[in-house]
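One file, model.txt, carrying compact mmCIF, C-alpha atoms:
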```txt
# COMPACT_ATOMS: atom_id res chain seq x y z
CA MET A 1 0.00 0.00 0.00
CA ALA A 2 1.24 3.49 -0.83
CA ALA A 3 1.84 5.93 2.01
CA VAL A 4 -1.36 7.53 3.25
CA THR A 5 0.26 9.49 6.05
CA GLY A 6 3.66 10.76 7.14
CA PRO A 7 6.52 8.38 8.03
CA GLU A 8 6.64 9.74 11.60
CA ILE A 9 3.02 8.73 12.13
CA GLU A 10 3.56 5.32 10.50
CA ARG A 11 6.46 4.80 12.90
CA LEU A 12 4.31 5.75 15.89
CA ILE A 13 1.66 3.23 14.77
CA ALA A 14 4.31 0.52 14.32
CA LEU A 15 5.72 1.09 17.83
CA LEU A 16 2.32 1.30 19.53
CA SER A 17 1.24 -1.96 17.88
CA LYS A 18 4.04 -3.73 19.79
CA LEU A 19 2.28 -3.11 23.11
CA PRO A 20 0.45 -6.11 24.55
CA GLY A 21 -3.27 -5.85 23.78
CA LEU A 22 -2.80 -3.60 20.74
CA GLY A 23 -2.53 -4.84 17.16
CA PRO A 24 -1.92 -2.80 14.00
CA ARG A 25 -5.59 -1.88 13.66
CA SER A 26 -6.13 -0.73 17.23
CA ALA A 27 -2.75 1.06 17.19
CA ARG A 28 -4.00 3.05 14.19
CA ARG A 29 -7.21 3.96 16.03
CA ALA A 30 -5.17 4.93 19.09
CA VAL A 31 -2.89 7.18 17.05
CA LEU A 32 -5.85 8.94 15.41
CA GLN A 33 -7.34 9.48 18.85
CA LEU A 34 -4.02 10.79 20.15
CA ILE A 35 -3.71 13.29 17.31
CA LYS A 36 -7.34 14.34 17.57
CA ARG A 37 -6.87 14.97 21.30
CA LYS A 38 -3.38 16.39 20.98
CA GLU A 39 -3.41 18.83 23.89
CA THR A 40 -5.43 16.75 26.33
CA LEU A 41 -3.92 13.32 25.60
CA LEU A 42 -0.89 13.21 23.29
CA VAL A 43 1.09 15.99 25.00
CA PRO A 44 0.55 14.74 28.60
CA LEU A 45 1.19 11.14 27.55
CA THR A 46 4.46 12.12 25.89
CA ALA A 47 5.50 13.96 29.05
CA ALA A 48 4.53 11.00 31.25
CA MET A 49 6.58 8.67 29.07
CA ALA A 50 9.61 10.94 29.18
CA ASP A 51 9.18 10.96 32.97
CA ALA A 52 9.08 7.16 33.01
CA VAL A 53 12.18 6.92 30.81
CA GLU A 54 14.01 9.05 33.33
CA LYS A 55 12.68 7.72 36.63
CA ALA A 56 11.34 4.18 36.26
CA CYS A 57 13.55 1.62 37.97
CA ILE A 58 13.47 -1.90 39.34
CA CYS A 59 13.62 -2.25 43.13
CA THR A 60 16.92 -3.92 43.98
CA ILE A 61 15.36 -5.65 47.01
CA CYS A 62 12.14 -7.15 45.65
CA GLY A 63 12.09 -6.51 41.89
CA ASN A 64 8.97 -4.28 41.86
CA VAL A 65 8.77 -1.51 39.26
CA ASP A 66 8.77 1.95 40.84
CA THR A 67 10.30 5.39 40.57
CA GLN A 68 12.35 4.97 43.74
CA ASP A 69 14.71 2.25 44.88
CA PRO A 70 13.96 0.62 47.35
CA CYS A 71 10.35 0.67 46.15
CA THR A 72 7.30 2.07 47.94
CA ILE A 73 6.40 -1.34 49.39
CA CYS A 74 9.91 -2.18 50.63
CA ARG A 75 10.12 1.25 52.32
CA ASP A 76 6.73 0.92 54.02
CA ASP A 77 7.36 0.24 57.73
CA ARG A 78 3.73 -0.70 58.35
CA ARG A 79 4.17 -3.84 56.29
CA GLU A 80 4.23 -7.18 58.10
CA PRO A 81 8.00 -7.96 58.21
CA THR A 82 7.67 -11.72 58.70
CA ALA A 83 5.67 -12.72 55.59
CA LEU A 84 7.23 -12.78 52.13
CA CYS A 85 5.09 -13.44 49.05
CA VAL A 86 6.91 -14.78 45.98
CA VAL A 87 5.40 -13.92 42.56
CA GLU A 88 6.40 -14.55 38.95
CA ASP A 89 6.05 -11.02 37.62
CA VAL A 90 5.43 -7.44 38.70
CA GLY A 91 1.91 -7.64 37.26
CA ASP A 92 1.12 -10.42 39.75
CA LEU A 93 2.42 -8.29 42.61
CA TRP A 94 0.17 -5.42 41.54
CA ALA A 95 -2.82 -7.79 41.22
CA LEU A 96 -2.32 -9.08 44.79
CA GLU A 97 -1.99 -5.50 46.04
CA ARG A 98 -5.19 -4.45 44.25
CA ALA A 99 -6.94 -7.31 46.00
CA GLY A 100 -5.39 -6.27 49.32
CA ALA A 101 -4.58 -9.96 49.72
CA HIS A 102 -1.14 -9.70 51.34
CA LYS A 103 0.13 -7.41 54.10
CA GLY A 104 3.81 -8.39 53.98
CA ARG A 105 6.48 -7.74 51.39
CA TYR A 106 7.06 -9.34 47.98
CA HIS A 107 9.75 -10.99 45.92
CA VAL A 108 9.51 -10.94 42.11
CA LEU A 109 11.18 -13.90 40.37
CA GLY A 110 11.05 -12.40 36.89
CA GLY A 111 9.61 -15.53 35.30
CA VAL A 112 9.31 -19.27 35.94
CA LEU A 113 11.55 -22.26 35.38
CA SER A 114 10.90 -23.66 31.94
CA ALA A 115 12.84 -26.46 30.27
CA LEU A 116 11.07 -25.61 26.99
CA ASP A 117 12.13 -21.95 27.00
CA GLY A 118 15.56 -22.75 28.49
CA VAL A 119 14.93 -20.82 31.71
CA GLY A 120 16.99 -22.25 34.58
CA PRO A 121 17.32 -21.26 38.26
CA ASN A 122 20.16 -18.84 37.49
CA ASP A 123 17.96 -16.86 35.08
CA LEU A 124 15.53 -16.09 37.90
CA ASN A 125 15.84 -13.98 41.02
CA ILE A 126 16.05 -17.09 43.25
CA GLY A 127 19.49 -16.70 44.88
CA LYS A 128 18.41 -13.32 46.24
CA LEU A 129 15.18 -14.89 47.52
CA VAL A 130 17.05 -17.57 49.50
CA GLU A 131 19.27 -14.86 50.95
CA ARG A 132 16.28 -12.68 51.97
CA ALA A 133 14.37 -15.66 53.40
CA GLY A 134 17.37 -16.63 55.53
CA ASN A 135 18.06 -13.18 57.02
CA GLY A 136 16.15 -13.93 60.27
CA ASP A 137 13.11 -11.65 59.87
CA ILE A 138 11.08 -13.85 57.55
CA GLN A 139 8.96 -16.60 59.12
CA GLU A 140 6.60 -17.48 56.27
CA VAL A 141 7.17 -17.66 52.51
CA ILE A 142 3.98 -17.67 50.44
CA LEU A 143 4.47 -19.06 46.93
CA ALA A 144 2.00 -17.18 44.69
CA MET A 145 3.02 -18.65 41.34
CA ASN A 146 0.47 -19.08 38.57
CA ALA A 147 -1.33 -22.43 38.72
CA THR A 148 0.41 -23.61 35.56
CA VAL A 149 2.75 -26.59 35.17
CA ASP A 150 5.83 -24.32 35.02
CA GLY A 151 4.56 -22.18 37.90
CA GLN A 152 4.02 -25.20 40.14
CA ALA A 153 7.37 -26.75 39.16
CA THR A 154 9.04 -23.48 40.13
CA ALA A 155 7.17 -23.51 43.46
CA HIS A 156 8.46 -27.04 44.16
CA TYR A 157 12.01 -26.04 43.27
CA ILE A 158 11.88 -23.03 45.60
CA THR A 159 10.43 -25.15 48.41
CA ASP A 160 13.47 -27.45 48.06
CA ARG A 161 15.87 -24.53 48.11
CA LEU A 162 14.22 -23.09 51.23
CA SER A 163 14.12 -26.35 53.18
CA GLY A 164 16.46 -26.32 56.17
CA LEU A 165 15.87 -22.61 56.88
CA GLY A 166 13.10 -23.49 59.34
CA LEU A 167 10.49 -21.41 57.51
CA SER A 168 6.84 -22.15 56.98
CA VAL A 169 6.32 -22.37 53.19
CA SER A 170 2.77 -22.17 51.81
CA ARG A 171 1.12 -21.84 48.42
CA LEU A 172 -2.14 -20.25 47.27
CA ALA A 173 -5.24 -22.45 47.55
CA HIS A 174 -6.62 -24.10 44.42
CA GLY A 175 -10.42 -24.21 44.14
CA VAL A 176 -13.59 -22.79 42.70
CA PRO A 177 -13.14 -19.06 41.85
CA VAL A 178 -15.53 -16.83 43.81
CA GLY A 179 -18.57 -16.30 41.58
CA GLY A 180 -17.62 -19.29 39.42
CA GLU A 181 -20.01 -22.00 38.27
CA LEU A 182 -19.07 -25.67 38.65
CA ASP A 183 -20.39 -26.56 35.21
CA TYR A 184 -17.82 -24.32 33.53
CA LEU A 185 -14.78 -25.44 35.56
CA ASP A 186 -12.15 -27.86 34.35
CA ASP A 187 -11.69 -31.29 35.93
CA GLY A 188 -8.38 -30.40 37.59
CA THR A 189 -9.88 -27.45 39.47
CA LEU A 190 -12.92 -29.46 40.55
CA ALA A 191 -10.75 -32.32 41.81
CA ALA A 192 -8.50 -29.87 43.70
CA ALA A 193 -11.51 -28.11 45.23
CA MET A 194 -13.02 -31.42 46.36
CA LYS A 195 -9.73 -32.62 47.81
CA SER A 196 -9.22 -29.40 49.79
CA ARG A 197 -12.84 -29.16 50.98
CA ARG A 198 -13.39 -27.25 54.20
CA PRO A 199 -15.74 -27.86 57.14
CA PHE A 200 -18.86 -25.69 56.67
CA MET B 1 -5.51 0.57 47.60
CA ALA B 2 -2.19 1.93 48.87
CA ALA B 3 0.43 2.98 46.33
CA VAL B 4 2.39 0.03 44.95
CA THR B 5 4.44 2.07 42.52
CA GLY B 6 5.56 5.65 41.88
CA PRO B 7 3.06 8.43 41.05
CA GLU B 8 4.73 9.02 37.66
CA ILE B 9 4.05 5.41 36.69
CA GLU B 10 0.47 5.56 38.00
CA ARG B 11 -0.03 8.65 35.85
CA LEU B 12 1.35 6.90 32.76
CA ILE B 13 -1.06 3.99 33.37
CA ALA B 14 -4.00 6.40 33.78
CA LEU B 15 -3.18 8.19 30.51
CA LEU B 16 -2.57 5.01 28.51
CA SER B 17 -5.88 3.55 29.70
CA LYS B 18 -7.68 6.42 27.91
CA LEU B 19 -6.61 5.05 24.52
CA PRO B 20 -9.32 3.19 22.62
CA GLY B 21 -8.87 -0.55 23.03
CA LEU B 22 -6.95 -0.26 26.33
CA GLY B 23 -8.54 -0.44 29.76
CA PRO B 24 -6.85 -0.03 33.17
CA ARG B 25 -5.70 -3.66 33.24
CA SER B 26 -4.18 -3.74 29.76
CA ALA B 27 -2.66 -0.29 30.32
CA ARG B 28 -0.89 -1.71 33.39
CA ARG B 29 0.42 -4.65 31.35
CA ALA B 30 1.52 -2.25 28.61
CA VAL B 31 3.41 -0.05 31.08
CA LEU B 32 5.22 -3.04 32.61
CA GLN B 33 6.17 -4.14 29.10
CA LEU B 34 7.37 -0.62 28.27
CA ILE B 35 9.55 -0.44 31.37
CA LYS B 36 10.89 -3.96 30.85
CA ARG B 37 11.84 -3.05 27.28
CA LYS B 38 12.98 0.45 28.08
CA GLU B 39 15.68 0.87 25.45
CA THR B 40 13.97 -1.01 22.62
CA LEU B 41 10.40 0.20 23.14
CA LEU B 42 9.84 2.96 25.70
CA VAL B 43 12.63 5.27 24.49
CA PRO B 44 11.76 5.02 20.75
CA LEU B 45 8.04 5.33 21.48
CA THR B 46 8.62 8.47 23.54
CA ALA B 47 10.66 9.93 20.69
CA ALA B 48 8.00 8.99 18.11
CA MET B 49 5.34 10.67 20.24
CA ALA B 50 7.38 13.83 20.66
CA ASP B 51 7.78 13.79 16.85
CA ALA B 52 4.03 13.45 16.43
CA VAL B 53 3.34 16.29 18.87
CA GLU B 54 5.58 18.50 16.79
CA LYS B 55 4.68 17.43 13.26
CA ALA B 56 1.23 15.84 13.11
CA CYS B 57 -1.31 18.05 11.38
CA ILE B 58 -4.65 17.88 9.62
CA CYS B 59 -4.63 18.40 5.85
CA THR B 60 -6.48 21.66 5.13
CA ILE B 61 -7.73 20.28 1.82
CA CYS B 62 -9.12 16.85 2.69
CA GLY B 63 -8.89 16.45 6.48
CA ASN B 64 -6.43 13.51 6.46
CA VAL B 65 -3.92 13.21 9.32
CA ASP B 66 -0.34 13.62 8.11
CA THR B 67 2.95 15.32 8.90
CA GLN B 68 2.69 17.66 5.92
CA ASP B 69 -0.09 19.94 4.71
CA PRO B 70 -1.38 19.31 2.02
CA CYS B 71 -1.19 15.60 2.88
CA THR B 72 0.61 12.85 0.98
CA ILE B 73 -2.55 11.88 -0.91
CA CYS B 74 -3.52 15.44 -1.90
CA ARG B 75 0.04 16.05 -3.18
CA ASP B 76 0.15 12.82 -5.22
CA ASP B 77 -0.19 13.78 -8.93
CA ARG B 78 -0.78 10.18 -9.98
CA ARG B 79 -4.15 10.20 -8.21
CA GLU B 80 -7.27 10.24 -10.39
CA PRO B 81 -8.30 13.94 -10.19
CA THR B 82 -11.96 13.45 -11.13
CA ALA B 83 -13.13 11.08 -8.35
CA LEU B 84 -13.68 12.29 -4.79
CA CYS B 85 -14.49 9.81 -2.02
CA VAL B 86 -16.27 11.21 1.05
CA VAL B 87 -15.64 9.42 4.38
CA GLU B 88 -16.72 10.00 7.97
CA ASP B 89 -13.32 9.76 9.64
CA VAL B 90 -9.63 9.48 8.90
CA GLY B 91 -9.72 5.81 9.97
CA ASP B 92 -12.16 5.10 7.13
CA LEU B 93 -9.84 6.82 4.65
CA TRP B 94 -6.93 4.66 5.83
CA ALA B 95 -9.10 1.51 5.59
CA LEU B 96 -10.06 2.28 1.97
CA GLU B 97 -6.39 2.96 1.16
CA ARG B 98 -5.31 -0.32 2.72
CA ALA B 99 -7.84 -2.08 0.52
CA GLY B 100 -6.57 -0.13 -2.52
CA ALA B 101 -10.25 0.47 -3.23
CA HIS B 102 -10.09 4.07 -4.47
CA LYS B 103 -7.61 5.75 -6.81
CA GLY B 104 -8.86 9.32 -6.46
CA ARG B 105 -8.71 11.77 -3.57
CA TYR B 106 -10.67 11.91 -0.33
CA HIS B 107 -12.72 14.26 1.79
CA VAL B 108 -13.04 13.64 5.54
CA LEU B 109 -16.29 14.92 7.09
CA GLY B 110 -15.14 14.53 10.69
CA GLY B 111 -18.32 12.74 11.77
CA VAL B 112 -21.94 12.28 10.70
CA LEU B 113 -25.12 14.26 11.16
CA SER B 114 -26.82 13.17 14.34
CA ALA B 115 -29.93 14.74 15.87
CA LEU B 116 -29.29 12.71 19.03
CA ASP B 117 -25.74 13.97 19.52
CA GLY B 118 -26.62 17.48 18.30
CA VAL B 119 -24.32 17.31 15.26
CA GLY B 120 -25.60 19.58 12.47
CA PRO B 121 -24.25 20.33 8.97
CA ASN B 122 -22.13 23.22 10.25
CA ASP B 123 -20.28 20.93 12.64
CA LEU B 124 -19.02 18.85 9.72
CA ASN B 125 -16.63 19.61 6.89
CA ILE B 126 -19.51 19.86 4.35
CA GLY B 127 -19.20 23.46 3.11
CA LYS B 128 -15.63 22.75 2.02
CA LEU B 129 -16.81 19.57 0.28
CA VAL B 130 -19.41 21.45 -1.80
CA GLU B 131 -16.72 23.97 -2.70
CA ARG B 132 -14.24 21.25 -3.78
CA ALA B 133 -16.91 19.31 -5.68
CA GLY B 134 -17.85 22.42 -7.64
CA ASN B 135 -14.34 23.49 -8.66
CA GLY B 136 -14.60 21.88 -12.12
CA ASP B 137 -12.13 18.96 -11.76
CA ILE B 138 -14.43 16.57 -9.91
CA GLN B 139 -16.85 14.47 -11.96
CA GLU B 140 -17.85 11.79 -9.46
CA VAL B 141 -18.46 11.96 -5.72
CA ILE B 142 -18.45 8.57 -3.96
CA LEU B 143 -20.22 8.61 -0.59
CA ALA B 144 -18.41 6.05 1.59
CA MET B 145 -20.29 6.63 4.85
CA ASN B 146 -20.81 3.77 7.29
CA ALA B 147 -24.01 1.79 6.60
CA THR B 148 -25.64 3.14 9.79
CA VAL B 149 -28.80 5.23 10.04
CA ASP B 150 -26.78 8.40 10.74
CA GLY B 151 -24.27 7.58 8.00
CA GLN B 152 -26.98 7.09 5.41
CA ALA B 153 -28.88 10.21 6.52
CA THR B 154 -25.65 12.17 6.07
CA ALA B 155 -25.21 10.67 2.60
CA HIS B 156 -28.73 11.79 1.66
CA TYR B 157 -28.09 15.28 2.98
CA ILE B 158 -24.84 15.57 1.00
CA THR B 159 -26.56 14.31 -2.17
CA ASP B 160 -29.09 17.13 -1.79
CA ARG B 161 -26.37 19.73 -1.27
CA LEU B 162 -24.48 18.50 -4.37
CA SER B 163 -27.52 18.39 -6.66
CA GLY B 164 -27.32 20.99 -9.42
CA LEU B 165 -23.53 20.71 -9.75
CA GLY B 166 -23.96 18.17 -12.55
CA LEU B 167 -21.90 15.52 -10.76
CA SER B 168 -22.41 11.81 -10.65
CA VAL B 169 -22.99 10.88 -6.99
CA SER B 170 -22.68 7.23 -5.93
CA ARG B 171 -22.59 5.26 -2.70
CA LEU B 172 -20.88 1.99 -1.69
CA ALA B 173 -22.81 -1.18 -2.53
CA HIS B 174 -24.67 -2.98 0.25
CA GLY B 175 -24.55 -6.77 0.11
CA VAL B 176 -23.05 -10.00 1.40
CA PRO B 177 -19.48 -9.44 2.71
CA VAL B 178 -16.90 -11.47 0.79
CA GLY B 179 -16.41 -14.70 2.75
CA GLY B 180 -19.68 -14.14 4.63
CA GLU B 181 -22.33 -16.80 5.23
CA LEU B 182 -25.99 -16.04 4.55
CA ASP B 183 -27.16 -17.77 7.72
CA TYR B 184 -25.29 -15.25 9.87
CA LEU B 185 -26.39 -12.10 8.04
CA ASP B 186 -29.11 -9.74 9.21
CA ASP B 187 -32.38 -9.32 7.29
CA GLY B 188 -31.55 -5.82 6.07
CA THR B 189 -28.30 -6.93 4.42
CA LEU B 190 -29.95 -9.96 2.82
CA ALA B 191 -32.81 -7.84 1.45
CA ALA B 192 -30.33 -5.26 0.10
CA ALA B 193 -28.20 -8.00 -1.49
CA MET B 194 -31.24 -9.56 -3.13
CA LYS B 195 -32.51 -6.22 -4.42
CA SER B 196 -29.12 -5.32 -5.94
CA ARG B 197 -28.50 -8.78 -7.42
CA ARG B 198 -26.21 -8.92 -10.46
CA PRO B 199 -26.31 -11.04 -13.65
CA PHE B 200 -23.98 -14.02 -13.23
```
What does this structure look like when you write it as structure tokens?
Amino acid sequence: MAAVTGPEIERLIALLSKLPGLGPRSARRAVLQLIKRKETLLVPLTAAMADAVEKACICTICGNVDTQDPCTICRDDRREPTALCVVEDVGDLWALERAGAHKGRYHVLGGVLSALDGVGPNDLNIGKLVERAGNGDIQEVILAMNATVDGQATAHYITDRLSGLGLSVSRLAHGVPVGGELDYLDDGTLAAAMKSRRPF
Amino acid sequence: MAAVTGPEIERLIALLSKLPGLGPRSARRAVLQLIKRKETLLVPLTAAMADAVEKACICTICGNVDTQDPCTICRDDRREPTALCVVEDVGDLWALERAGAHKGRYHVLGGVLSALDGVGPNDLNIGKLVERAGNGDIQEVILAMNATVDGQATAHYITDRLSGLGLSVSRLAHGVPVGGELDYLDDGTLAAAMKSRRPF
């Protein structure tokens, strides 16, 4: 197709379409919206991005994304110091925080062990986790990996690495999601929910 | 929820979630991706946006979005000078160009007439269209509005305004989409397709 717009705008579309959740078509719509709302959207967004380029950093303690290091959560003295929640990615940390599900601090692995993708223990933030878990403050490590094969294999590996430190190691419960209907659930979830049934 | 990340990053998420096709959750994923791929994605995207802030403009002839005025299409001498295609929005122009469906020039209305939304003829780029259509070069005006009630009402209104200029005015065909199955089509489309049937 011949050019219908300037190369700078084509380039903006191409870059935006690399974001997760946006394809070429929605990137085009987004760019038109940005240009239509130049002063109220494009200009502030450009400034916010320049800000992020300058200030965004990874917390050297837990791996959270923030604009200060140590991050907001690691600095927060009101956090429970004895419970450490291990997650695969920063997005999972934010999801648990949105839910208000954990009052302690976090540790971001940066992925999961995967033979298929060639991810081994040294590619993840595991050595640092063992070090943090053994520093005396931590009493419980909560493994909040995704309930996938790789996630659970990683949880097992970490449990092995932490054994001998005298910590209580737990994982998230498997079961029926709140609001979920049995008829739509897979067999594995139903079996896990039945096995872990609770007195009523 | 307490802050889990810096205010600059929260602001970037809030702005990104205003783009069409992105909600708060996908904006959060996009921001994490941007920060993870800082050098390869965030930095070039910020530069491309700053470029767009500086250079993006609306073509004063046709209403296309470009980085030069007149736009690439209006400047292109190889374009058929006698056919003018009228579209609602710049996205429609780009869609027709992707399809290679039109060899002439375009005119972007910037919306459709809508009693409900209080959009009248003076809110659209119609006066300029009548002026262009009457300048002697144009022989055919193709109305490529969406096949909605408002789109078709706008097409009727424009046909009235152009009557007396001695132009041929046409609209896009209604019918079965290529690859479409009759069983899934609405009654209006089927009736239109039957009415406009062609010798085989």
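The gap separating atom CA of A:Ala192 from atom CA of A:His174 is 6.1 Å, in Å to one decimal.
Taking atom CA of A:Val108 and atom CA of A:Gly21 as the two end points, the separation is 22.9 Å.
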Show me, as a ChimeraX atom specification, the residues of chain B whose atoms get within 6 Å of chain A, using only C-alpha atoms for the distance check.
/B:5-6,12,19-20,30,46,48-49,66-67,98
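Counting from atom CA of B:Gln139, the distance to atom CA of B:Thr82 is 5.1 Å.
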Please provide the set of residues having any atom within 12 Å of A:Asp77, restricted to all atoms listed in the file, with same-chain residues fewer than 6 positions apart removed, written as a PyMOL selection string.
chain A and resi 71+103-105
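Nearest to A:Leu96 of all the residues A:Ala115, A:Leu172, A:Ala153, A:Leu129 is A:Leu172, counting only C-alpha atoms.
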Excluding same-chain residues fewer than 4 positions from B:Ala83, what lies within 10 Å of it counting all atoms listed in the file, as a VMD selection string?
chain B and resid 79 102 to 106 133 137 to 142 168 to 169
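Remark: for B:Gly118, the closest of the candidate residues B:Gly164, B:Leu143, B:Asp150, B:Leu190 is B:Asp150 (distances computed over all atoms listed in the file).
Each of B:Asp186, B:Gly63, B:Asp123, B:Ala173 was checked against B:Arg198 using all atoms listed in the file; the smallest atom-to-atom distance is that of B:Ala173.
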Once 8 Å is added on each side, what centre and edge lengths in Å to one decimal does the axis-aligned box around all listed atoms of stretch 30-44 of chain B have, as AutoDock Vina command-line options?
```
--center_x 8.6 --center_y 0.6 --center_z 26.7 --size_x 30.2 --size_y 25.4 --size_z 27.9
```
Do a neighbour search on B:Ile61 at 9 Å with all atoms listed in the file, toss out local chain neighbours closer than 5 positions, and write the hits as a ChimeraX atom specification.
/B:69-71,74,107,128,132
